[in-house]
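Q: Contents are PDB, C-alpha atoms and all ligand atoms; file name target_24.pdb:
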ATOM      1  CA  VAL Q 264     -12.183  13.133  -5.721
ATOM      2  CA  THR Q 265     -15.662  14.709  -6.008
ATOM      3  CA  ASP Q 266     -15.429  16.688  -9.266
ATOM      4  CA  ALA Q 267     -18.855  17.501 -10.685
ATOM      5  CA  ALA Q 268     -20.729  19.672 -13.143
ATOM      6  CA  THR Q 269     -22.842  22.054 -11.067
ATOM      7  CA  THR Q 270     -25.455  24.798 -11.561
ATOM      8  CA  GLY Q 271     -24.758  28.212 -10.085
ATOM      9  CA  ARG Q 272     -26.486  31.568  -9.891
ATOM     10  CA  GLY Q 273     -24.914  34.843 -10.963
ATOM     11  CA  THR Q 274     -25.511  38.574 -11.313
ATOM     12  CA  GLY Q 275     -24.745  40.065 -14.719
ATOM     13  CA  VAL Q 276     -23.268  43.423 -15.692
ATOM     14  CA  ASN Q 277     -26.722  45.050 -15.750
ATOM     15  CA  GLY Q 278     -27.806  43.568 -12.392
ATOM     16  CA  ASP Q 279     -29.824  40.685 -13.848
ATOM     17  CA  THR Q 280     -29.789  37.212 -12.281
ATOM     18  CA  LYS Q 281     -28.882  34.236 -14.465
ATOM     19  CA  THR Q 282     -28.293  30.523 -14.054
ATOM     20  CA  LEU Q 283     -24.759  29.334 -14.782
ATOM     21  CA  ASN Q 284     -23.211  26.051 -15.838
ATOM     22  CA  THR Q 285     -20.278  25.719 -13.426
ATOM     23  CA  TYR Q 286     -17.913  23.013 -12.151
ATOM     24  CA  PHE Q 287     -16.988  21.944  -8.625
ATOM     25  CA  SER Q 288     -13.520  20.592  -7.929
ATOM     26  CA  ASN Q 289     -11.539  20.246  -4.709
ATOM     27  CA  GLY Q 290     -13.701  22.664  -2.718
ATOM     28  CA  THR Q 291     -13.916  25.436  -5.349
ATOM     29  CA  TYR Q 292     -16.445  26.366  -8.068
ATOM     30  CA  TYR Q 293     -15.279  27.342 -11.585
ATOM     31  CA  LEU Q 294     -16.894  29.013 -14.596
ATOM     32  CA  TYR Q 295     -16.360  25.852 -16.608
ATOM     33  CA  ASP Q 296     -19.320  24.553 -18.631
ATOM     34  CA  THR Q 297     -19.221  20.878 -19.626
ATOM     35  CA  THR Q 298     -22.891  20.632 -20.618
ATOM     36  CA  LYS Q 299     -22.595  21.332 -24.339
ATOM     37  CA  PRO Q 300     -23.048  18.486 -26.808
ATOM     38  CA  MET Q 301     -20.020  17.202 -28.670
ATOM     39  CA  SER Q 302     -17.582  18.301 -25.989
ATOM     40  CA  GLY Q 303     -17.552  22.056 -26.612
ATOM     41  CA  ILE Q 304     -16.228  23.346 -23.279
ATOM     42  CA  ILE Q 305     -16.938  26.925 -22.291
ATOM     43  CA  GLN Q 306     -14.528  28.374 -19.755
ATOM     44  CA  THR Q 307     -14.086  31.866 -18.339
ATOM     45  CA  ALA Q 308     -11.036  33.464 -16.750
ATOM     46  CA  THR Q 309      -9.900  36.828 -15.423
ATOM     47  CA  ALA Q 310      -6.807  38.804 -16.410
ATOM     48  CA  GLN Q 311      -7.026  40.510 -12.985
ATOM     49  CA  ASN Q 312      -6.692  43.898 -14.744
ATOM     50  CA  ARG Q 313      -3.401  42.954 -16.356
ATOM     51  CA  SER Q 314      -2.632  41.955 -19.964
ATOM     52  CA  THR Q 315      -1.486  38.354 -19.541
ATOM     53  CA  LEU Q 316      -3.820  35.889 -21.288
ATOM     54  CA  PRO Q 317      -5.721  33.747 -20.543
ATOM     55  CA  GLY Q 318      -5.157  34.782 -16.878
ATOM     56  CA  VAL Q 319      -6.598  32.614 -14.123
ATOM     57  CA  TYR Q 320      -9.898  30.727 -13.972
ATOM     58  CA  SER Q 321     -12.721  32.699 -12.331
ATOM     59  CA  THR Q 322     -13.547  30.969  -9.034
ATOM     60  CA  ASP Q 323     -16.183  31.201  -6.322
ATOM     61  CA  ALA Q 324     -16.527  29.589  -2.902
ATOM     62  CA  ASP Q 325     -20.297  28.973  -2.838
ATOM     63  CA  ASN Q 326     -21.468  28.960  -6.502
ATOM     64  CA  ALA Q 327     -23.359  32.244  -5.973
ATOM     65  CA  TRP Q 328     -21.516  34.547  -8.377
ATOM     66  CA  THR Q 329     -23.033  37.780  -7.077
ATOM     67  CA  ALA Q 330     -20.047  39.990  -6.190
ATOM     68  CA  SER Q 331     -19.770  43.223  -8.185
ATOM     69  CA  ASN Q 332     -16.341  42.220  -9.497
ATOM     70  CA  GLN Q 333     -17.816  38.954 -10.840
ATOM     71  CA  ARG Q 334     -20.503  40.534 -13.070
ATOM     72  CA  ALA Q 335     -18.315  40.652 -16.198
ATOM     73  CA  ASP Q 336     -17.240  37.030 -15.617
ATOM     74  CA  VAL Q 337     -20.895  35.947 -15.257
ATOM     75  CA  ASP Q 338     -21.999  37.528 -18.539
ATOM     76  CA  ALA Q 339     -18.945  36.442 -20.559
ATOM     77  CA  HIS Q 340     -19.598  32.860 -19.473
ATOM     78  CA  TYR Q 341     -23.383  32.911 -19.873
ATOM     79  CA  TYR Q 342     -23.394  34.697 -23.261
ATOM     80  CA  ALA Q 343     -20.651  32.476 -24.688
ATOM     81  CA  GLY Q 344     -22.985  29.559 -23.926
ATOM     82  CA  VAL Q 345     -25.869  31.350 -25.653
ATOM     83  CA  VAL Q 346     -23.751  31.917 -28.764
ATOM     84  CA  TYR Q 347     -22.521  28.286 -28.738
ATOM     85  CA  ASP Q 348     -26.154  27.114 -28.555
ATOM     86  CA  TYR Q 349     -27.166  29.462 -31.401
ATOM     87  CA  TYR Q 350     -24.551  28.162 -33.826
ATOM     88  CA  TYR Q 351     -25.240  24.549 -32.836
ATOM     89  CA  ASN Q 352     -29.058  24.677 -32.820
ATOM     90  CA  THR Q 353     -29.617  27.089 -35.722
ATOM     91  CA  HIS Q 354     -26.722  26.209 -38.035
ATOM     92  CA  ASN Q 355     -25.607  22.761 -36.819
ATOM     93  CA  ARG Q 356     -22.126  24.215 -36.198
ATOM     94  CA  ASN Q 357     -20.240  22.737 -33.218
ATOM     95  CA  SER Q 358     -18.345  25.750 -31.848
ATOM     96  CA  TYR Q 359     -16.406  28.235 -33.977
ATOM     97  CA  ASP Q 360     -14.272  25.535 -35.620
ATOM     98  CA  ASN Q 361     -17.170  23.099 -36.148
ATOM     99  CA  ARG Q 362     -15.108  20.523 -34.243
ATOM    100  CA  GLY Q 363     -16.081  21.323 -30.665
ATOM    101  CA  ALA Q 364     -13.263  23.753 -29.861
ATOM    102  CA  SER Q 365     -13.403  25.141 -26.334
ATOM    103  CA  ILE Q 366     -14.550  28.727 -26.080
ATOM    104  CA  THR Q 367     -12.269  30.561 -23.664
ATOM    105  CA  SER Q 368     -13.118  34.057 -22.458
ATOM    106  CA  THR Q 369     -11.020  36.394 -20.351
ATOM    107  CA  VAL Q 370     -12.543  39.425 -18.613
ATOM    108  CA  HIS Q 371     -11.019  42.336 -16.640
ATOM    109  CA  TYR Q 372      -8.438  42.830 -19.371
ATOM    110  CA  GLN Q 373      -6.207  45.812 -18.442
ATOM    111  CA  THR Q 374      -7.898  48.825 -16.794
ATOM    112  CA  ASN Q 375     -10.646  51.005 -18.271
ATOM    113  CA  TYR Q 376     -10.234  49.089 -21.553
ATOM    114  CA  ASN Q 377     -12.981  50.251 -23.921
ATOM    115  CA  ASN Q 378     -13.082  47.280 -26.284
ATOM    116  CA  ALA Q 379     -13.424  43.535 -26.757
ATOM    117  CA  PHE Q 380     -11.654  41.279 -29.250
ATOM    118  CA  TRP Q 381     -10.962  37.738 -30.460
ATOM    119  CA  ASN Q 382      -7.180  37.285 -30.398
ATOM    120  CA  GLY Q 383      -7.122  34.268 -32.713
ATOM    121  CA  SER Q 384      -7.467  31.839 -29.799
ATOM    122  CA  GLN Q 385      -9.893  33.327 -27.285
ATOM    123  CA  MET Q 386     -12.322  36.112 -26.362
ATOM    124  CA  VAL Q 387     -10.983  39.109 -24.464
ATOM    125  CA  TYR Q 388     -13.140  41.791 -22.765
ATOM    126  CA  GLY Q 389     -12.277  45.096 -21.200
ATOM    127  CA  ASP Q 390     -14.205  46.527 -18.246
ATOM    128  CA  GLY Q 391     -14.751  49.842 -20.024
ATOM    129  CA  ASP Q 392     -14.150  53.151 -18.269
ATOM    130  CA  GLY Q 393     -17.710  53.444 -16.984
ATOM    131  CA  THR Q 394     -18.491  56.336 -19.322
ATOM    132  CA  THR Q 395     -17.866  55.083 -22.866
ATOM    133  CA  PHE Q 396     -18.448  51.442 -21.950
ATOM    134  CA  ALA Q 397     -19.616  49.264 -19.104
ATOM    135  CA  PRO Q 398     -17.851  45.847 -19.021
ATOM    136  CA  LEU Q 399     -18.192  44.708 -22.599
ATOM    137  CA  SER Q 400     -19.246  41.098 -21.946
ATOM    138  CA  GLY Q 401     -22.525  42.568 -20.692
ATOM    139  CA  ALA Q 402     -23.908  42.695 -24.240
ATOM    140  CA  LEU Q 403     -24.944  39.504 -26.032
ATOM    141  CA  ASP Q 404     -24.528  41.179 -29.434
ATOM    142  CA  VAL Q 405     -20.931  42.120 -28.547
ATOM    143  CA  VAL Q 406     -20.150  38.531 -27.490
ATOM    144  CA  ALA Q 407     -21.740  37.234 -30.694
ATOM    145  CA  HIS Q 408     -19.811  39.847 -32.719
ATOM    146  CA  GLU Q 409     -16.511  38.593 -31.337
ATOM    147  CA  ILE Q 410     -17.215  34.852 -31.549
ATOM    148  CA  THR Q 411     -18.375  35.382 -35.149
ATOM    149  CA  HIS Q 412     -14.895  36.761 -35.916
ATOM    150  CA  ALA Q 413     -13.651  33.290 -34.934
ATOM    151  CA  VAL Q 414     -16.213  31.602 -37.200
ATOM    152  CA  THR Q 415     -15.255  33.919 -40.073
ATOM    153  CA  GLU Q 416     -11.547  33.203 -39.492
ATOM    154  CA  ARG Q 417     -12.198  29.438 -39.775
ATOM    155  CA  THR Q 418     -14.464  29.705 -42.830
ATOM    156  CA  ALA Q 419     -14.368  32.618 -45.323
ATOM    157  CA  GLY Q 420     -11.150  33.957 -43.753
ATOM    158  CA  LEU Q 421     -12.055  37.484 -44.877
ATOM    159  CA  GLN Q 422      -8.816  39.484 -44.726
ATOM    160  CA  TYR Q 423      -9.129  42.248 -42.088
ATOM    161  CA  GLN Q 424      -8.575  45.216 -44.398
ATOM    162  CA  ASN Q 425     -10.462  47.346 -46.925
ATOM    163  CA  GLN Q 426     -13.651  45.796 -48.399
ATOM    164  CA  SER Q 427     -13.004  42.220 -47.210
ATOM    165  CA  GLY Q 428     -12.281  43.634 -43.751
ATOM    166  CA  ALA Q 429     -15.472  45.704 -43.777
ATOM    167  CA  LEU Q 430     -17.346  42.518 -44.745
ATOM    168  CA  ASN Q 431     -15.610  40.713 -41.878
ATOM    169  CA  GLU Q 432     -16.850  43.410 -39.486
ATOM    170  CA  SER Q 433     -20.313  43.404 -41.043
ATOM    171  CA  MET Q 434     -20.695  39.633 -40.643
ATOM    172  CA  SER Q 435     -19.919  40.055 -36.934
ATOM    173  CA  ASP Q 436     -22.457  42.872 -36.593
ATOM    174  CA  VAL Q 437     -25.100  40.943 -38.553
ATOM    175  CA  PHE Q 438     -24.714  37.814 -36.404
ATOM    176  CA  GLY Q 439     -24.728  40.136 -33.414
ATOM    177  CA  TYR Q 440     -28.199  41.174 -34.610
ATOM    178  CA  PHE Q 441     -29.269  37.550 -35.137
ATOM    179  CA  LEU Q 442     -28.377  36.827 -31.492
ATOM    180  CA  ASP Q 443     -29.974  40.041 -30.224
ATOM    181  CA  PRO Q 444     -32.791  40.967 -32.625
ATOM    182  CA  ASN Q 445     -34.562  43.326 -30.197
ATOM    183  CA  ASP Q 446     -33.057  46.361 -31.899
ATOM    184  CA  TRP Q 447     -30.866  47.366 -34.842
ATOM    185  CA  LEU Q 448     -28.119  48.641 -32.523
ATOM    186  CA  LEU Q 449     -24.862  46.937 -31.630
ATOM    187  CA  GLY Q 450     -23.604  47.126 -28.047
ATOM    188  CA  GLU Q 451     -26.515  49.146 -26.632
ATOM    189  CA  ASP Q 452     -26.427  47.157 -23.380
ATOM    190  CA  VAL Q 453     -22.884  48.276 -22.540
ATOM    191  CA  TYR Q 454     -22.333  51.458 -24.595
ATOM    192  CA  THR Q 455     -22.443  54.757 -22.651
ATOM    193  CA  PRO Q 456     -24.129  53.343 -19.517
ATOM    194  CA  LYS Q 457     -25.132  56.875 -18.477
ATOM    195  CA  VAL Q 458     -26.964  57.515 -21.782
ATOM    196  CA  SER Q 459     -29.923  55.417 -22.926
ATOM    197  CA  GLY Q 460     -31.008  54.547 -26.458
ATOM    198  CA  ASP Q 461     -27.620  54.698 -28.153
ATOM    199  CA  GLY Q 462     -25.179  52.034 -29.316
ATOM    200  CA  LEU Q 463     -21.790  51.609 -30.939
ATOM    201  CA  ARG Q 464     -23.307  51.152 -34.421
ATOM    202  CA  SER Q 465     -26.720  50.890 -36.070
ATOM    203  CA  LEU Q 466     -27.623  48.491 -38.884
ATOM    204  CA  SER Q 467     -30.762  50.460 -39.763
ATOM    205  CA  ASN Q 468     -29.108  53.877 -39.696
ATOM    206  CA  PRO Q 469     -25.332  53.580 -40.043
ATOM    207  CA  GLU Q 470     -25.068  57.334 -40.648
ATOM    208  CA  SER Q 471     -26.234  58.034 -37.089
ATOM    209  CA  TYR Q 472     -22.831  56.737 -35.989
ATOM    210  CA  GLY Q 473     -20.769  58.220 -38.772
ATOM    211  CA  GLN Q 474     -20.838  55.265 -41.145
ATOM    212  CA  PRO Q 475     -21.766  55.342 -44.841
ATOM    213  CA  SER Q 476     -24.700  53.229 -46.034
ATOM    214  CA  THR Q 477     -24.110  53.577 -49.791
ATOM    215  CA  MET Q 478     -21.185  52.662 -52.015
ATOM    216  CA  SER Q 479     -21.071  56.257 -53.226
ATOM    217  CA  ASN Q 480     -20.018  57.248 -49.716
ATOM    218  CA  TYR Q 481     -17.349  54.522 -49.293
ATOM    219  CA  VAL Q 482     -14.504  55.985 -47.213
ATOM    220  CA  ASN Q 483     -11.039  55.475 -48.657
ATOM    221  CA  THR Q 484      -8.683  55.682 -45.701
ATOM    222  CA  THR Q 485      -5.559  54.015 -44.344
ATOM    223  CA  SER Q 486      -6.749  54.204 -40.740
ATOM    224  CA  ASP Q 487      -8.666  51.391 -39.029
ATOM    225  CA  ASN Q 488      -7.262  48.858 -41.529
ATOM    226  CA  GLY Q 489      -8.859  50.771 -44.390
ATOM    227  CA  GLY Q 490     -11.943  51.790 -42.442
ATOM    228  CA  VAL Q 491     -13.237  48.308 -41.574
ATOM    229  CA  HIS Q 492     -15.465  49.689 -38.744
ATOM    230  CA  ILE Q 493     -16.611  52.550 -40.985
ATOM    231  CA  ASN Q 494     -17.324  50.950 -44.374
ATOM    232  CA  SER Q 495     -19.117  48.020 -42.676
ATOM    233  CA  GLY Q 496     -22.077  50.415 -42.692
ATOM    234  CA  ILE Q 497     -22.675  49.611 -46.363
ATOM    235  CA  PRO Q 498     -23.088  45.789 -46.033
ATOM    236  CA  ASN Q 499     -24.806  46.394 -42.682
ATOM    237  CA  LYS Q 500     -27.471  48.532 -44.378
ATOM    238  CA  ALA Q 501     -27.934  45.843 -47.061
ATOM    239  CA  ALA Q 502     -28.452  43.316 -44.267
ATOM    240  CA  TYR Q 503     -31.016  45.632 -42.639
ATOM    241  CA  TYR Q 504     -32.968  45.850 -45.920
ATOM    242  CA  THR Q 505     -32.723  42.073 -46.411
ATOM    243  CA  ILE Q 506     -33.842  41.141 -42.876
ATOM    244  CA  SER Q 507     -36.649  43.735 -42.938
ATOM    245  CA  SER Q 508     -37.906  42.183 -46.187
ATOM    246  CA  ILE Q 509     -37.552  38.408 -45.722
ATOM    247  CA  GLY Q 510     -37.290  38.079 -41.947
ATOM    248  CA  LYS Q 511     -34.588  36.763 -39.617
ATOM    249  CA  ALA Q 512     -35.201  33.026 -40.174
ATOM    250  CA  GLN Q 513     -34.447  33.069 -43.910
ATOM    251  CA  ALA Q 514     -31.773  35.785 -43.626
ATOM    252  CA  GLU Q 515     -29.679  33.908 -41.082
ATOM    253  CA  LYS Q 516     -29.686  30.801 -43.282
ATOM    254  CA  ILE Q 517     -28.564  32.811 -46.292
ATOM    255  CA  TYR Q 518     -25.861  34.686 -44.360
ATOM    256  CA  TYR Q 519     -24.504  31.532 -42.717
ATOM    257  CA  ARG Q 520     -24.349  29.668 -46.073
ATOM    258  CA  ALA Q 521     -22.653  32.599 -47.830
ATOM    259  CA  LEU Q 522     -20.117  33.004 -44.987
ATOM    260  CA  THR Q 523     -19.240  29.307 -44.776
ATOM    261  CA  THR Q 524     -19.570  28.220 -48.407
ATOM    262  CA  TYR Q 525     -19.000  31.071 -50.870
ATOM    263  CA  LEU Q 526     -17.017  33.946 -49.347
ATOM    264  CA  THR Q 527     -13.209  33.841 -49.582
ATOM    265  CA  PRO Q 528     -10.346  35.817 -47.977
ATOM    266  CA  THR Q 529     -10.344  38.511 -50.669
ATOM    267  CA  SER Q 530     -14.100  38.815 -51.258
ATOM    268  CA  ASN Q 531     -15.236  42.423 -51.838
ATOM    269  CA  PHE Q 532     -18.750  43.907 -51.547
ATOM    270  CA  SER Q 533     -19.708  42.831 -55.078
ATOM    271  CA  ASN Q 534     -18.515  39.280 -54.338
ATOM    272  CA  ALA Q 535     -20.623  39.351 -51.163
ATOM    273  CA  LYS Q 536     -23.721  40.285 -53.144
ATOM    274  CA  SER Q 537     -23.040  37.342 -55.476
ATOM    275  CA  ALA Q 538     -22.351  34.979 -52.562
ATOM    276  CA  LEU Q 539     -25.584  35.931 -50.801
ATOM    277  CA  LEU Q 540     -27.560  35.631 -54.055
ATOM    278  CA  GLN Q 541     -26.053  32.183 -54.677
ATOM    279  CA  ALA Q 542     -26.951  31.133 -51.134
ATOM    280  CA  ALA Q 543     -30.482  32.499 -51.593
ATOM    281  CA  SER Q 544     -30.781  30.632 -54.890
ATOM    282  CA  ASP Q 545     -29.538  27.386 -53.326
ATOM    283  CA  LEU Q 546     -31.971  27.649 -50.428
ATOM    284  CA  TYR Q 547     -35.058  29.304 -51.924
ATOM    285  CA  GLY Q 548     -34.636  29.388 -55.713
ATOM    286  CA  SER Q 549     -33.416  32.098 -58.073
ATOM    287  CA  ASN Q 550     -36.972  33.156 -58.951
ATOM    288  CA  SER Q 551     -38.045  33.471 -55.297
ATOM    289  CA  SER Q 552     -39.106  36.690 -53.612
ATOM    290  CA  THR Q 553     -36.302  35.948 -51.172
ATOM    291  CA  TYR Q 554     -33.723  36.019 -53.959
ATOM    292  CA  ASN Q 555     -35.188  39.257 -55.315
ATOM    293  CA  ALA Q 556     -35.145  40.858 -51.856
ATOM    294  CA  VAL Q 557     -31.417  40.145 -51.479
ATOM    295  CA  ARG Q 558     -30.696  41.615 -54.907
ATOM    296  CA  SER Q 559     -32.831  44.688 -54.182
ATOM    297  CA  ALA Q 560     -31.052  45.268 -50.850
ATOM    298  CA  TRP Q 561     -27.623  45.383 -52.452
ATOM    299  CA  ASP Q 562     -28.907  47.452 -55.389
ATOM    300  CA  ARG Q 563     -30.220  50.023 -52.869
ATOM    301  CA  VAL Q 564     -26.773  50.417 -51.275
ATOM    302  CA  GLY Q 565     -25.229  50.836 -54.717
ATOM    303  CA  VAL Q 566     -23.275  47.574 -54.958
ATOM    304  CA  ASN Q 567     -23.316  45.940 -58.419
TER     305      ASN Q 567
HETATM  306  C1  LIG X 601     -13.606  51.878 -33.669
HETATM  307  C2  LIG X 601     -13.779  50.487 -33.127
HETATM  308  C3  LIG X 601     -14.937  49.752 -33.068
HETATM  309  C4  LIG X 601     -14.587  48.549 -32.501
HETATM  310  C5  LIG X 601     -15.474  47.397 -32.260
HETATM  311  O1  LIG X 601     -16.419  47.176 -32.984
HETATM  312  N1  LIG X 601     -15.141  46.614 -31.223
HETATM  313  C6  LIG X 601     -15.856  45.381 -31.006
HETATM  314  C7  LIG X 601     -16.992  45.563 -30.056
HETATM  315  F1  LIG X 601     -17.559  44.372 -29.884
HETATM  316  F2  LIG X 601     -16.527  46.020 -28.886
HETATM  317  F3  LIG X 601     -17.879  46.416 -30.540
HETATM  318  N2  LIG X 601     -13.276  48.563 -32.191
HETATM  319  O2  LIG X 601     -12.767  49.750 -32.602
HETATM  320 CA    CA X 602     -28.304  45.019 -30.068
HETATM  321 ZN    ZN X 603     -15.207  43.305 -34.897
END
Please express what this file holds, its structure, as structure tokens.
Ligand SMILES: Cc1cc(C(=O)NCC(F)(F)F)no1
Ligand SMILES: [Ca+2]
Ligand SMILES: [Zn+2]
A:
Amino acid sequence: VTDAATTGRGTGVNGDTKTLNTYFSNGTYYLYDTTKPMSGIIQTATAQNRSTLPGVYSTDADNAWTASNQRADVDAHYYAGVVYDYYYNTHNRNSYDNRGASITSTVHYQTNYNNAFWNGSQMVYGDGDGTTFAPLSGALDVVAHEITHAVTERTAGLQYQNQSGALNESMSDVFGYFLDPNDWLLGEDVYTPKVSGDGLRSLSNPESYGQPSTMSNYVNTTSDNGGVHINSGIPNKAAYYTISSIGKAQAEKIYYRALTTYLTPTSNFSNAKSALLQAASDLYGSNSSTYNAVRSAWDRVGVN
């Protein structure tokens, strides 16, 4: 038996080359990463355009993952590793459960599927229809958005409806920004591949994508679980103000501590303001400029 951890090369959704942590077994290479500390395995599979999960492991004969139909597999695998490293190195969290759970991703889910999701056990990515989306694993902020849903599920457990659901969505968008701080957009690397400069949502300007950014414009609706992808604009704008004021390094500490220590399944926007202020007080003091910046951010979006 000659099983071994190996290093491969792959082409991502946007044509970029990246180095991959792969595994060789019985004459075949797998997208199976055993390099993470504390046993967090990262493994990537394909649904082969059907709906059965997790599907079959992505394989390659020569460890050069450069075929066009492997691009989504390459990015799902590579970006899952980036997100694992972020939570471990920045927040000392060992995978989404903090106990080294394997991160399993499946790509090529159904056909022309314009979305990605965490199904409670794994990541799932559609290939998009080529107009609304390119394969969704091609965006690091999308991968971070979805893995953060798993972190939220294991920590605050924010119920996916109404204000707690909008907070759940916002936490995923905010950690999407922390992983991809080059812009205030979410999903820009895979959204409308034929149009440049747009994204699925914007933290700095939620209105540009039909979201409110103030409590006065909260949308009461029964659709989308009470507008969780709409009303997330309000906490997202507060996060934009906070990050713009105190910077990413302090903001990500405050957000991680609030998410994992103070938020609960039924937390609403006002509870989130309190949780973030408590985290800011714990970390930087209640008389700090950091504390005052968090309070100002939530005051500006009209949350008391
Ligand atoms: C409307 C609507 C938005 C989303 C969404 O955010 N999906 C996750 C993402 F990562 F693909 F963006 N789903 O339905
Ligand atoms: Ca982005
Ligand atoms: Zn989401």
Q: On this structure, the PyMOL selection byres (((chain Q and resi 268) around 9) and not hetatm) would catch which residues? List them as a ChimeraX atom specification, sorted by chain and number.
A: /Q:266-267,269-270,284-288,295-298
Q: Report, in Å to a single decimal, how far apart atom CA of Q:Ala407 and atom CA of Q:Ser435 are.
A: 7.1 Å
Q: So how far away is atom CA of Q:Ala330 from atom CA of Q:Lys457, in Å?
A: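 Separation between atom CA of Q:Lys457 and atom CA of Q:Ala330: 21.5 Å.
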Q: Mind giving me the straight-line distance from atom CA of Q:Asn425 to atom CA of Q:Gln513 in Å, one decimal?
A: 28.1 Å
Q: 7 Å from ligand ZN 603 (chain X) is the threshold here; counting only C-alpha atoms and all ligand atoms, which polymer residues fall inside it? Answer as a list in words.
A: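 Going residue by residue within 7 Å of ligand ZN 603 (chain X), we get Phe380, His408, Glu409, His412, Glu432 and Ser435 of chain Q.
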Q: Keeping C-alpha atoms for every residue in the selection just given, could you write it to a file as a short mmCIF file (atom, residue, chain, number, x, y, z; two decimals), in the coordinates of the input?
A:
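Full text of again04.cif as output:
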data_model
loop_
_atom_site.label_atom_id
_atom_site.label_comp_id
_atom_site.auth_asym_id
_atom_site.auth_seq_id
_atom_site.Cartn_x
_atom_site.Cartn_y
_atom_site.Cartn_z
CA PHE Q 380 -11.65 41.28 -29.25
CA HIS Q 408 -19.81 39.85 -32.72
CA GLU Q 409 -16.51 38.59 -31.34
CA HIS Q 412 -14.90 36.76 -35.92
CA GLU Q 432 -16.85 43.41 -39.49
CA SER Q 435 -19.92 40.06 -36.93
#
Q: Given the file shown, determine the residues that the PyMOL selection byres (((chain Q and resi 277-280) around 10) and not hetatm) selects; report them as a PyMOL selection string.
A: chain Q and resi 272-276+281-283+328-329+331+334-335+337-338+397-398+401-402+452-453+456
Q: How would the residues just picked look written out with C-alpha atoms as a tab-separated table (two decimals), keeping the file's coordinate frame?
A:
chain	number	residue	atom	x	y	z
Q	272	ARG	CA	-26.49	31.57	-9.89
Q	273	GLY	CA	-24.91	34.84	-10.96
Q	274	THR	CA	-25.51	38.57	-11.31
Q	275	GLY	CA	-24.74	40.06	-14.72
Q	276	VAL	CA	-23.27	43.42	-15.69
Q	281	LYS	CA	-28.88	34.24	-14.46
Q	282	THR	CA	-28.29	30.52	-14.05
Q	283	LEU	CA	-24.76	29.33	-14.78
Q	328	TRP	CA	-21.52	34.55	-8.38
Q	329	THR	CA	-23.03	37.78	-7.08
Q	331	SER	CA	-19.77	43.22	-8.18
Q	334	ARG	CA	-20.50	40.53	-13.07
Q	335	ALA	CA	-18.32	40.65	-16.20
Q	337	VAL	CA	-20.90	35.95	-15.26
Q	338	ASP	CA	-22.00	37.53	-18.54
Q	397	ALA	CA	-19.62	49.26	-19.10
Q	398	PRO	CA	-17.85	45.85	-19.02
Q	401	GLY	CA	-22.52	42.57	-20.69
Q	402	ALA	CA	-23.91	42.70	-24.24
Q	452	ASP	CA	-26.43	47.16	-23.38
Q	453	VAL	CA	-22.88	48.28	-22.54
Q	456	PRO	CA	-24.13	53.34	-19.52
Q: Could you pull the residues within 7 Å of Q:Ala521, counting only C-alpha atoms, minus those fewer than 4 positions along the same chain, as a PDB file with C-alpha atoms, keeping the file's coordinate frame?
A:
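Dumped everything to result-v7.pdb:
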ATOM      1  CA  ILE Q 517     -28.564  32.811 -46.292  1.00  0.00           C
ATOM      2  CA  TYR Q 525     -19.000  31.071 -50.870  1.00  0.00           C
ATOM      3  CA  LEU Q 526     -17.017  33.946 -49.347  1.00  0.00           C
ATOM      4  CA  ALA Q 538     -22.351  34.979 -52.562  1.00  0.00           C
ATOM      5  CA  LEU Q 539     -25.584  35.931 -50.801  1.00  0.00           C
ATOM      6  CA  ALA Q 542     -26.951  31.133 -51.134  1.00  0.00           C
TER       7      ALA Q 542
END
Q: Dump the neighbourhood of ligand CA 602 (chain X) as a ChimeraX atom specification: all residues within 7 Å, distances computed on only C-alpha atoms and all ligand atoms.
A: /Q:404,439-440,443-451
Q: Which is closest to ligand LIG 601 (chain X) among Q:Asn468, Q:Thr411, Q:Asn480, Q:Ser537, if we use all atoms listed in the file?
A: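 For ligand LIG 601 (chain X), the nearest of the given residues is Q:Thr411.
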Q: Quick one: contact table of chain Q to ligand LIG 601 (chain X), 6 Å max, nearest atom pair and distance in Å to one decimal per residue, counting all atoms listed in the file, chain and number order, as CSV?
A:
residue,atom,partner,partner_atom,distance
Q:Asn378,CA,X:LIG601,F2,4.5
Q:Ala379,CA,X:LIG601,F2,4.5
Q:Val405,CA,X:LIG601,F1,4.3
Q:His408,CA,X:LIG601,F1,5.8
Q:His492,CA,X:LIG601,C3,5.7
Q: Using all atoms listed in the file for the distances, tell me which of Q:Val370, Q:Val566, Q:Ile509, Q:Leu463 is nearest to Q:Phe396.
A: Q:Leu463
Q: Apply the PyMOL selection byres (((chain Q and resi 497) around 7) and not hetatm) to the displayed file and report the matching residues as a compact mmCIF listing (two decimals) with C-alpha atoms, in the frame of the given file.
A:
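After the write, expr_39.txt holds the following:
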# COMPACT_ATOMS: atom_id res chain seq x y z
CA PRO Q 475 -21.77 55.34 -44.84
CA SER Q 476 -24.70 53.23 -46.03
CA THR Q 477 -24.11 53.58 -49.79
CA MET Q 478 -21.18 52.66 -52.02
CA ASN Q 494 -17.32 50.95 -44.37
CA SER Q 495 -19.12 48.02 -42.68
CA GLY Q 496 -22.08 50.42 -42.69
CA PRO Q 498 -23.09 45.79 -46.03
CA ASN Q 499 -24.81 46.39 -42.68
CA LYS Q 500 -27.47 48.53 -44.38
CA ALA Q 501 -27.93 45.84 -47.06
CA VAL Q 564 -26.77 50.42 -51.28
Q: Nearest to Q:Val264: which of Q:His340, Q:Gly383, Q:Gly290, Q:Asn534 is it, counting all atoms listed in the file?
A: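 Closest residue, counting all atoms listed in the file: Q:Gly290.
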Q: Using only C-alpha atoms, which residues sit within 10 Å of Q:Thr523 once same-chain residues fewer than 5 positions away are excluded, as a PyMOL selection string?
A: chain Q and resi 414-415+417-420+518
